[in-house]
$ cat protein_12.cif   # mmCIF, C-alpha atoms
data_coords
#
loop_
_atom_site.label_atom_id
_atom_site.label_comp_id
_atom_site.auth_asym_id
_atom_site.auth_seq_id
_atom_site.Cartn_x
_atom_site.Cartn_y
_atom_site.Cartn_z
CA MET A 1 68.50 -252.84 -24.61
CA SER A 2 67.24 -252.76 -21.01
CA GLU A 3 67.85 -249.03 -21.04
CA PHE A 4 65.65 -248.78 -24.13
CA LEU A 5 62.92 -250.84 -22.47
CA ALA A 6 63.08 -248.71 -19.34
CA MET A 7 62.12 -245.60 -21.37
CA GLY A 8 63.79 -243.32 -18.84
CA GLY A 9 61.46 -244.52 -16.10
CA TYR A 10 58.31 -244.13 -18.21
CA ALA A 11 58.14 -247.77 -19.33
CA LEU A 12 54.65 -248.37 -17.91
CA TYR A 13 53.18 -245.35 -19.71
CA VAL A 14 54.99 -245.74 -23.04
CA TRP A 15 54.62 -249.52 -23.39
CA GLY A 16 51.15 -249.40 -21.86
CA SER A 17 50.15 -247.06 -24.68
CA TYR A 18 51.84 -248.91 -27.53
CA GLY A 19 50.92 -252.36 -26.21
CA VAL A 20 47.20 -251.69 -25.88
CA THR A 21 47.03 -249.77 -29.18
CA PHE A 22 48.65 -252.47 -31.29
CA ALA A 23 46.84 -255.25 -29.42
CA LEU A 24 43.52 -253.60 -30.27
CA LEU A 25 44.46 -253.14 -33.93
CA PHE A 26 45.55 -256.78 -34.04
CA ILE A 27 42.27 -257.95 -32.47
CA GLU A 28 40.27 -255.87 -34.95
CA VAL A 29 42.08 -257.52 -37.87
CA LEU A 30 41.56 -261.00 -36.35
CA LEU A 31 37.84 -260.39 -35.79
CA LEU A 32 37.47 -259.09 -39.33
CA MET A 33 39.21 -262.11 -40.82
CA ARG A 34 36.84 -264.35 -38.88
CA ARG A 35 33.86 -262.32 -40.02
CA GLU A 36 35.06 -262.51 -43.61
CA ARG A 37 35.30 -266.30 -43.42
CA LYS A 38 31.82 -266.48 -41.92
CA ALA A 39 30.36 -264.16 -44.56
CA GLY A 40 31.76 -266.45 -47.24
CA ARG A 41 34.20 -265.34 -49.89
CA MET B 1 36.04 -242.85 -64.35
CA LYS B 2 32.54 -244.24 -64.08
CA TRP B 3 31.68 -243.17 -60.52
CA PHE B 4 28.13 -244.47 -60.50
CA TRP B 5 29.33 -247.83 -61.75
CA TYR B 6 31.10 -248.27 -58.42
CA ALA B 7 28.15 -246.93 -56.41
CA SER B 8 26.61 -250.39 -56.69
CA PRO B 9 27.75 -252.78 -53.93
CA GLN B 10 28.25 -255.66 -56.37
CA THR B 11 30.64 -253.79 -58.63
CA PHE B 12 32.40 -252.13 -55.71
CA PHE B 13 33.08 -255.48 -54.02
CA PRO B 14 36.20 -256.58 -55.99
CA LEU B 15 37.58 -253.01 -56.17
CA ALA B 16 37.29 -252.71 -52.37
CA GLY B 17 39.27 -255.94 -51.98
CA THR B 18 42.10 -254.71 -54.19
CA ILE B 19 42.34 -251.30 -52.49
CA ALA B 20 42.21 -252.96 -49.05
CA ARG B 21 45.17 -255.20 -49.86
CA TRP B 22 47.36 -252.31 -51.06
CA CYS B 23 46.38 -250.04 -48.17
CA GLY B 24 46.98 -252.84 -45.67
CA ALA B 25 50.48 -253.41 -47.04
CA ALA B 26 51.18 -249.66 -47.05
CA ALA B 27 49.99 -249.43 -43.43
CA GLY B 28 52.48 -252.11 -42.37
CA VAL B 29 55.42 -250.46 -44.12
CA LEU B 30 54.52 -246.96 -42.88
CA ALA B 31 54.03 -248.17 -39.29
CA ALA B 32 57.48 -249.81 -39.34
CA ILE B 33 59.07 -246.57 -40.61
CA GLY B 34 57.05 -244.43 -38.20
CA LEU B 35 57.97 -246.57 -35.18
CA TYR B 36 61.62 -246.53 -36.20
CA ILE B 37 61.62 -242.72 -36.41
CA GLY B 38 59.60 -242.45 -33.21
CA PHE B 39 61.87 -244.63 -31.09
CA PHE B 40 65.32 -244.40 -32.69
CA VAL B 41 65.57 -241.15 -34.65
CA ALA B 42 63.50 -238.61 -32.69
CA PRO B 43 65.43 -237.19 -29.72
CA THR B 44 64.36 -237.32 -26.08
CA ASP B 45 62.12 -234.40 -25.17
CA ALA B 46 63.81 -231.84 -22.91
CA GLN B 47 60.76 -231.40 -20.66
CA GLN B 48 58.82 -234.66 -20.86
CA GLY B 49 61.68 -237.14 -21.24
CA GLU B 50 60.76 -240.41 -22.97
CA ALA B 51 57.09 -240.17 -21.97
CA TYR B 52 56.47 -237.87 -24.92
CA ARG B 53 56.98 -240.82 -27.32
CA ILE B 54 53.33 -241.64 -26.65
CA ILE B 55 52.38 -238.75 -28.95
CA PHE B 56 53.46 -240.79 -31.99
CA ILE B 57 50.28 -242.81 -31.54
CA HIS B 58 48.20 -240.41 -29.45
CA VAL B 59 48.08 -237.55 -31.95
CA PRO B 60 47.51 -239.67 -35.10
CA ALA B 61 44.84 -241.71 -33.30
CA SER B 62 43.09 -238.53 -32.19
CA TRP B 63 43.17 -237.16 -35.71
CA MET B 64 41.75 -240.41 -37.07
CA SER B 65 39.00 -240.50 -34.43
CA MET B 66 37.73 -237.13 -35.66
CA PHE B 67 38.44 -237.65 -39.36
CA ILE B 68 36.72 -241.05 -39.52
CA TYR B 69 33.66 -239.55 -37.85
CA VAL B 70 33.42 -236.79 -40.47
CA VAL B 71 33.82 -239.32 -43.31
CA MET B 72 31.23 -241.61 -41.67
CA ALA B 73 28.74 -238.74 -41.34
CA GLY B 74 29.51 -237.73 -44.94
CA TRP B 75 28.63 -241.21 -46.21
CA ALA B 76 25.52 -241.21 -44.00
CA ALA B 77 24.41 -237.86 -45.44
CA LEU B 78 25.07 -239.08 -48.98
CA GLY B 79 22.89 -242.11 -48.29
CA LEU B 80 20.06 -239.94 -46.98
CA ALA B 81 20.30 -237.57 -49.93
CA PHE B 82 20.59 -240.06 -52.79
CA ASN B 83 19.23 -243.22 -51.17
CA THR B 84 22.28 -245.18 -52.36
CA ARG B 85 22.71 -248.55 -50.68
CA LEU B 86 26.50 -248.50 -50.51
CA SER B 87 26.61 -245.21 -48.56
CA GLY B 88 24.96 -246.62 -45.47
CA MET B 89 27.19 -249.69 -45.65
CA MET B 90 30.31 -247.49 -45.78
CA ALA B 91 29.13 -245.51 -42.75
CA GLN B 92 28.45 -248.75 -40.88
CA ALA B 93 31.87 -250.11 -41.88
CA LEU B 94 33.72 -247.06 -40.54
CA ALA B 95 32.09 -246.83 -37.11
CA PRO B 96 33.95 -249.61 -35.22
CA THR B 97 37.36 -248.41 -36.44
CA GLY B 98 36.48 -244.84 -35.51
CA ALA B 99 35.44 -246.00 -32.05
CA LEU B 100 38.69 -247.94 -31.73
CA PHE B 101 40.83 -244.91 -32.54
CA THR B 102 38.76 -242.77 -30.16
CA PHE B 103 39.40 -245.26 -27.38
CA VAL B 104 43.12 -245.34 -28.27
CA ALA B 105 43.23 -241.52 -28.15
CA LEU B 106 41.65 -241.52 -24.68
CA TRP B 107 43.75 -244.42 -23.40
CA THR B 108 47.11 -243.08 -24.59
CA GLY B 109 46.13 -239.57 -23.48
CA SER B 110 45.48 -240.90 -20.01
CA LEU B 111 48.82 -242.71 -19.90
CA TRP B 112 50.53 -239.54 -21.10
CA GLY B 113 48.63 -237.32 -18.67
CA ARG B 114 49.63 -239.30 -15.59
CA PRO B 115 53.39 -238.53 -15.76
CA THR B 116 53.06 -235.07 -17.37
CA TRP B 117 49.95 -233.59 -15.72
CA GLY B 118 49.99 -235.78 -12.64
CA THR B 119 46.52 -237.17 -13.31
CA TRP B 120 44.98 -239.95 -15.43
CA TRP B 121 41.76 -238.12 -16.14
CA VAL B 122 39.97 -234.85 -15.41
CA TRP B 123 36.17 -234.86 -15.31
CA GLY B 124 34.79 -231.72 -16.89
CA ASP B 125 37.84 -230.88 -18.97
CA ALA B 126 36.54 -229.68 -22.34
CA ARG B 127 38.99 -231.60 -24.57
CA LEU B 128 38.68 -234.83 -22.62
CA MET B 129 34.90 -234.66 -22.31
CA SER B 130 34.25 -233.87 -25.99
CA GLU B 131 36.48 -236.78 -27.03
CA LEU B 132 34.61 -239.06 -24.60
CA ILE B 133 31.32 -237.88 -26.13
CA LEU B 134 32.76 -238.82 -29.53
CA LEU B 135 33.25 -242.38 -28.25
CA PHE B 136 29.62 -242.45 -27.08
CA LEU B 137 28.46 -241.11 -30.46
CA TYR B 138 30.23 -244.02 -32.18
CA PHE B 139 28.69 -246.48 -29.70
CA GLY B 140 25.27 -244.89 -30.19
CA PHE B 141 25.60 -245.14 -33.95
CA MET B 142 26.55 -248.82 -33.78
CA ALA B 143 23.84 -249.63 -31.22
CA LEU B 144 21.15 -247.92 -33.29
CA GLN B 145 22.33 -249.70 -36.43
CA ALA B 146 22.20 -253.03 -34.62
CA ALA B 147 18.83 -252.37 -32.98
CA ILE B 148 16.84 -251.99 -36.20
CA ASP B 149 16.28 -255.15 -38.21
CA ASP B 150 15.63 -253.60 -41.62
CA PRO B 151 19.11 -252.45 -42.78
CA ARG B 152 17.80 -249.59 -44.94
CA ARG B 153 15.78 -248.19 -42.03
CA ALA B 154 18.74 -248.70 -39.71
CA ASP B 155 20.91 -246.77 -42.17
CA ARG B 156 18.51 -243.82 -42.20
CA ALA B 157 18.06 -243.67 -38.44
CA SER B 158 21.76 -243.96 -37.66
CA ALA B 159 22.56 -241.46 -40.43
CA LEU B 160 20.55 -238.82 -38.59
CA LEU B 161 22.45 -239.53 -35.38
CA ALA B 162 25.79 -239.36 -37.21
CA ILE B 163 24.94 -236.04 -38.89
CA VAL B 164 23.74 -234.39 -35.68
CA GLY B 165 26.88 -235.61 -33.89
CA VAL B 166 29.16 -233.79 -36.34
CA VAL B 167 28.61 -230.70 -34.15
CA ASN B 168 30.94 -232.33 -31.65
CA ILE B 169 33.93 -232.39 -34.05
CA PRO B 170 34.71 -228.63 -34.12
CA ILE B 171 34.09 -228.61 -30.36
CA ILE B 172 36.83 -231.23 -29.89
CA TYR B 173 39.18 -229.51 -32.30
CA TYR B 174 38.80 -225.97 -30.95
CA SER B 175 38.20 -226.92 -27.30
CA VAL B 176 41.82 -226.07 -26.48
CA GLN B 177 41.24 -222.51 -27.72
CA TRP B 178 37.64 -221.95 -26.61
CA PHE B 179 37.76 -223.38 -23.13
CA ASN B 180 40.08 -223.43 -20.18
CA THR B 181 41.48 -226.96 -20.47
CA LEU B 182 44.45 -228.85 -19.16
CA HIS B 183 45.18 -230.09 -22.67
CA GLN B 184 47.92 -228.29 -24.55
CA GLY B 185 47.19 -226.43 -27.78
CA ALA B 186 47.80 -227.95 -31.19
CA SER B 187 51.47 -228.57 -31.92
CA VAL B 188 50.65 -228.84 -35.60
CA SER B 189 48.35 -226.56 -37.57
CA PHE B 190 47.69 -225.58 -41.14
CA THR B 191 48.72 -221.98 -40.64
CA ARG B 192 52.15 -222.15 -39.02
CA ALA B 193 55.23 -224.33 -38.80
CA PRO B 194 55.01 -227.18 -36.27
CA SER B 195 56.34 -226.25 -32.84
CA MET B 196 58.49 -229.36 -32.42
CA ALA B 197 61.69 -230.94 -33.73
CA ALA B 198 61.53 -231.97 -37.39
CA THR B 199 62.16 -235.64 -36.62
CA MET B 200 59.39 -235.68 -34.00
CA PHE B 201 57.05 -234.13 -36.52
CA ALA B 202 58.10 -236.66 -39.18
CA GLY B 203 57.43 -239.59 -36.85
CA MET B 204 53.96 -238.29 -36.10
CA ILE B 205 53.07 -237.67 -39.73
CA VAL B 206 54.29 -241.10 -40.88
CA MET B 207 52.30 -242.78 -38.10
CA ALA B 208 49.26 -240.72 -39.12
CA PHE B 209 49.57 -242.03 -42.68
CA ALA B 210 49.99 -245.58 -41.35
CA PHE B 211 46.76 -245.25 -39.32
CA TRP B 212 45.08 -243.72 -42.33
CA MET B 213 46.01 -246.63 -44.59
CA TYR B 214 45.04 -249.09 -41.85
CA SER B 215 41.62 -247.47 -41.51
CA ILE B 216 40.94 -247.59 -45.25
CA ALA B 217 41.98 -251.25 -45.44
CA VAL B 218 39.93 -252.33 -42.42
CA ALA B 219 36.84 -250.34 -43.42
CA LEU B 220 36.90 -251.76 -46.94
CA VAL B 221 37.26 -255.34 -45.71
CA ARG B 222 34.37 -254.68 -43.32
CA VAL B 223 32.20 -253.19 -46.06
CA ARG B 224 32.81 -256.35 -48.10
CA CYS B 225 31.52 -258.41 -45.15
CA ILE B 226 28.47 -256.15 -44.86
CA ILE B 227 27.74 -256.44 -48.59
CA ARG B 228 27.84 -260.24 -48.26
CA GLU B 229 25.84 -260.33 -45.05
CA ARG B 230 23.06 -258.11 -46.40
CA GLY B 231 22.99 -260.22 -49.54
#
$ encode --input "protein_12.cif" --output "structure tokens"
Amino acid sequence: MSEFLAMGGYALYVWGSYGVTFALLFIEVLLLMRRERKAGR
Amino acid sequence: MKWFWYASPQTFFPLAGTIARWCGAAAGVLAAIGLYIGFFVAPTDAQQGEAYRIIFIHVPASWMSMFIYVVMAGWAALGLAFNTRLSGMMAQALAPTGALFTFVALWTGSLWGRPTWGTWWVWGDARLMSELILLFLYFGFMALQAAIDDPRRADRASALLAIVGVVNIPIIYYSVQWFNTLHQGASVSFTRAPSMAATMFAGMIVMAFAFWMYSIAVALVRVRCIIRERG
């Protein structure tokens, strides 16, 4: 498991990429759900 | 199929909701499969080690950044040509997601470039610069849309910007052939077999479909908000 997380020494780059990407997608969905509520169903 | 029936925002509204739900679900399933292939099936790259696993989001995000722009400009042009209300709304709904994928392409590219090229960013590099300009085109489109109060006028003004900006898309795509750039050439093209292991290729394609489904779902939910907000 820790070997997997280490990504052969590239952990910062690999997880930095995946982390930010999925965080942004998640935030976009959250913002949209809020906007949808505000716009009224 | 009654196409013009769905050209009206009111009739399109429920259809958009249904498509968005299915595409959202498909995006989740495809992303799970794509990540599994990307991290557990695809082998370690002989030259780049594990750092190459960034391409499973970098390449699909870059494709989406360009593809969404072309679709956005297409809707914008349709709106200018036929004066249909929904077209401008669709263009407006696509812009933030396109900008997001453009940022992701730049961000992941930078994190990939550091260990493989030895640098985060190169000013003046054709591929990097044209992709950065794409981000500014999205921002410009959104700013212009937001700056004009009358939505129909905002649609027309931003449509012009979107259409002119399409010039940038072939520049991004062919920059690796036309200019001397640090960026590698395309690993995947329409004319020849991909120059990578089959499982690597599969991971990339599945992630591309996941992003595709995600984009459709998000854009359709956003267009529903815009329909409501414009009343």
$ interface_residues --input "protein_12.cif" --of "chain B" --to "chain A" --cutoff "6 Å" --atoms "all atoms listed in the file" --output "compact mmCIF listing (two decimals) with C-alpha atoms, in the coordinates of the input"
# COMPACT_ATOMS: atom_id res chain seq x y z
CA GLU B 50 60.76 -240.41 -22.97
CA ALA B 51 57.09 -240.17 -21.97
CA ILE B 54 53.33 -241.64 -26.65
CA VAL B 104 43.12 -245.34 -28.27
CA THR B 108 47.11 -243.08 -24.59
CA LEU B 111 48.82 -242.71 -19.90
CA CYS B 225 31.52 -258.41 -45.15
CA ARG B 228 27.84 -260.24 -48.26
CA GLU B 229 25.84 -260.33 -45.05
$ residues_around --input "protein_12.cif" --residues "B:Ser175" --least-positions-apart "5" --cutoff "12 Å" --atoms "only C-alpha atoms" --output "ChimeraX atom specification"
/B:124-131,168-170,180-186
$ resolve_selection --input "protein_12.cif" --expression "the PyMOL selection byres ((chain B and resi 203) around 7)" --output "NGL selection string"
:B and (34 or 37-38 or 56 or 199-202 or 204-207)
$ atom_distance --input "protein_12.cif" --atom1 "atom CA of B:Ala42" --atom2 "atom CA of B:Met64"
22.3 Å
$ residues_around --input "protein_12.cif" --residues "B:Ser62" --least-positions-apart "5" --cutoff "8 Å" --atoms "all atoms listed in the file" --output "list in words"
Phe101, Thr102, Val104 and Ala105 of chain B
$ atom_distance --input "protein_12.cif" --atom1 "atom CA of B:Tyr52" --atom2 "atom CA of B:Ala26"
25.6 Å
$ atom_distance --input "protein_12.cif" --atom1 "atom CA of B:Thr18" --atom2 "atom CA of B:Trp75"
20.7 Å
$ closest_residue --input "protein_12.cif" --among "B:Thr11, B:Ala162, B:Gly118, B:Phe39" --to "A:Leu5" --atoms "all atoms listed in the file"
B:Phe39
$ resolve_selection --input "protein_12.cif" --expression "the PyMOL selection byres ((chain B and resi 218) around 12)" --output "PyMOL selection string"
(chain A and resi 25-33+35-36) or (chain B and resi 16-17+19-25+27+90+93-98+100+211-217+219-225)
$ resolve_selection --input "protein_12.cif" --expression "the PyMOL selection byres ((chain B and resi 158) around 8)" --output "ChimeraX atom specification"
/B:76,141-142,144-145,154-157,159-162
$ closest_residue --input "protein_12.cif" --among "B:Ala99, B:Val41, B:Ile57, B:Ile133" --to "A:Gly19" --atoms "all atoms listed in the file"
B:Ile57
$ decode --input "protein_12.cif" --residues "stretch 44-105 of chain B" --atoms "C-alpha atoms" --output "short mmCIF file (atom, residue, chain, number, x, y, z; two decimals), in the first residue's frame"
data_model
loop_
_atom_site.label_atom_id
_atom_site.label_comp_id
_atom_site.auth_asym_id
_atom_site.auth_seq_id
_atom_site.Cartn_x
_atom_site.Cartn_y
_atom_site.Cartn_z
CA THR B 44 5.04 1.06 -15.29
CA ASP B 45 6.57 3.05 -18.13
CA ALA B 46 10.15 2.02 -18.94
CA GLN B 47 11.38 5.61 -19.35
CA GLN B 48 9.12 7.76 -17.18
CA GLY B 49 8.41 5.34 -14.32
CA GLU B 50 5.15 5.97 -12.45
CA ALA B 51 5.08 9.68 -13.36
CA TYR B 52 3.54 8.78 -16.71
CA ARG B 53 0.28 7.80 -14.96
CA ILE B 54 -0.57 11.51 -15.07
CA ILE B 55 -1.38 11.09 -18.78
CA PHE B 56 -4.58 9.21 -17.89
CA ILE B 57 -6.06 12.56 -16.91
CA HIS B 58 -3.75 14.93 -18.79
CA VAL B 59 -4.50 13.68 -22.30
CA PRO B 60 -8.30 13.28 -21.88
CA ALA B 61 -8.51 16.70 -20.19
CA SER B 62 -6.56 18.28 -23.04
CA TRP B 63 -8.82 16.66 -25.61
CA MET B 64 -11.90 17.88 -23.74
CA SER B 65 -10.51 21.42 -23.44
CA MET B 66 -10.28 21.64 -27.24
CA PHE B 67 -13.41 19.64 -28.04
CA ILE B 68 -15.66 21.62 -25.67
CA TYR B 69 -14.39 24.85 -27.23
CA VAL B 70 -15.33 23.67 -30.73
CA VAL B 71 -18.79 22.56 -29.55
CA MET B 72 -19.24 25.87 -27.69
CA ALA B 73 -18.29 27.87 -30.79
CA GLY B 74 -20.59 25.64 -32.86
CA TRP B 75 -23.56 26.44 -30.62
CA ALA B 76 -22.58 30.13 -30.67
CA ALA B 77 -22.49 30.13 -34.48
CA LEU B 78 -25.84 28.33 -34.63
CA GLY B 79 -27.32 31.00 -32.38
CA LEU B 80 -25.98 33.79 -34.59
CA ALA B 81 -27.24 32.11 -37.75
CA PHE B 82 -30.73 31.09 -36.63
CA ASN B 83 -31.27 33.38 -33.66
CA THR B 84 -32.35 30.42 -31.52
CA ARG B 85 -32.44 31.14 -27.80
CA LEU B 86 -31.21 27.73 -26.64
CA SER B 87 -27.99 27.93 -28.69
CA GLY B 88 -26.55 30.82 -26.73
CA MET B 89 -27.54 29.15 -23.47
CA MET B 90 -25.73 25.95 -24.50
CA ALA B 91 -22.59 27.91 -25.36
CA GLN B 92 -22.77 29.70 -22.01
CA ALA B 93 -23.30 26.39 -20.20
CA LEU B 94 -20.21 24.79 -21.76
CA ALA B 95 -17.69 27.57 -21.09
CA PRO B 96 -16.93 26.99 -17.37
CA THR B 97 -16.43 23.24 -17.87
CA GLY B 98 -14.19 23.91 -20.86
CA ALA B 99 -12.14 26.35 -18.80
CA LEU B 100 -11.90 23.78 -16.01
CA PHE B 101 -10.53 21.09 -18.32
CA THR B 102 -8.11 23.60 -19.85
CA PHE B 103 -6.80 24.43 -16.40
CA VAL B 104 -6.54 20.71 -15.56
CA ALA B 105 -4.59 20.12 -18.80
#
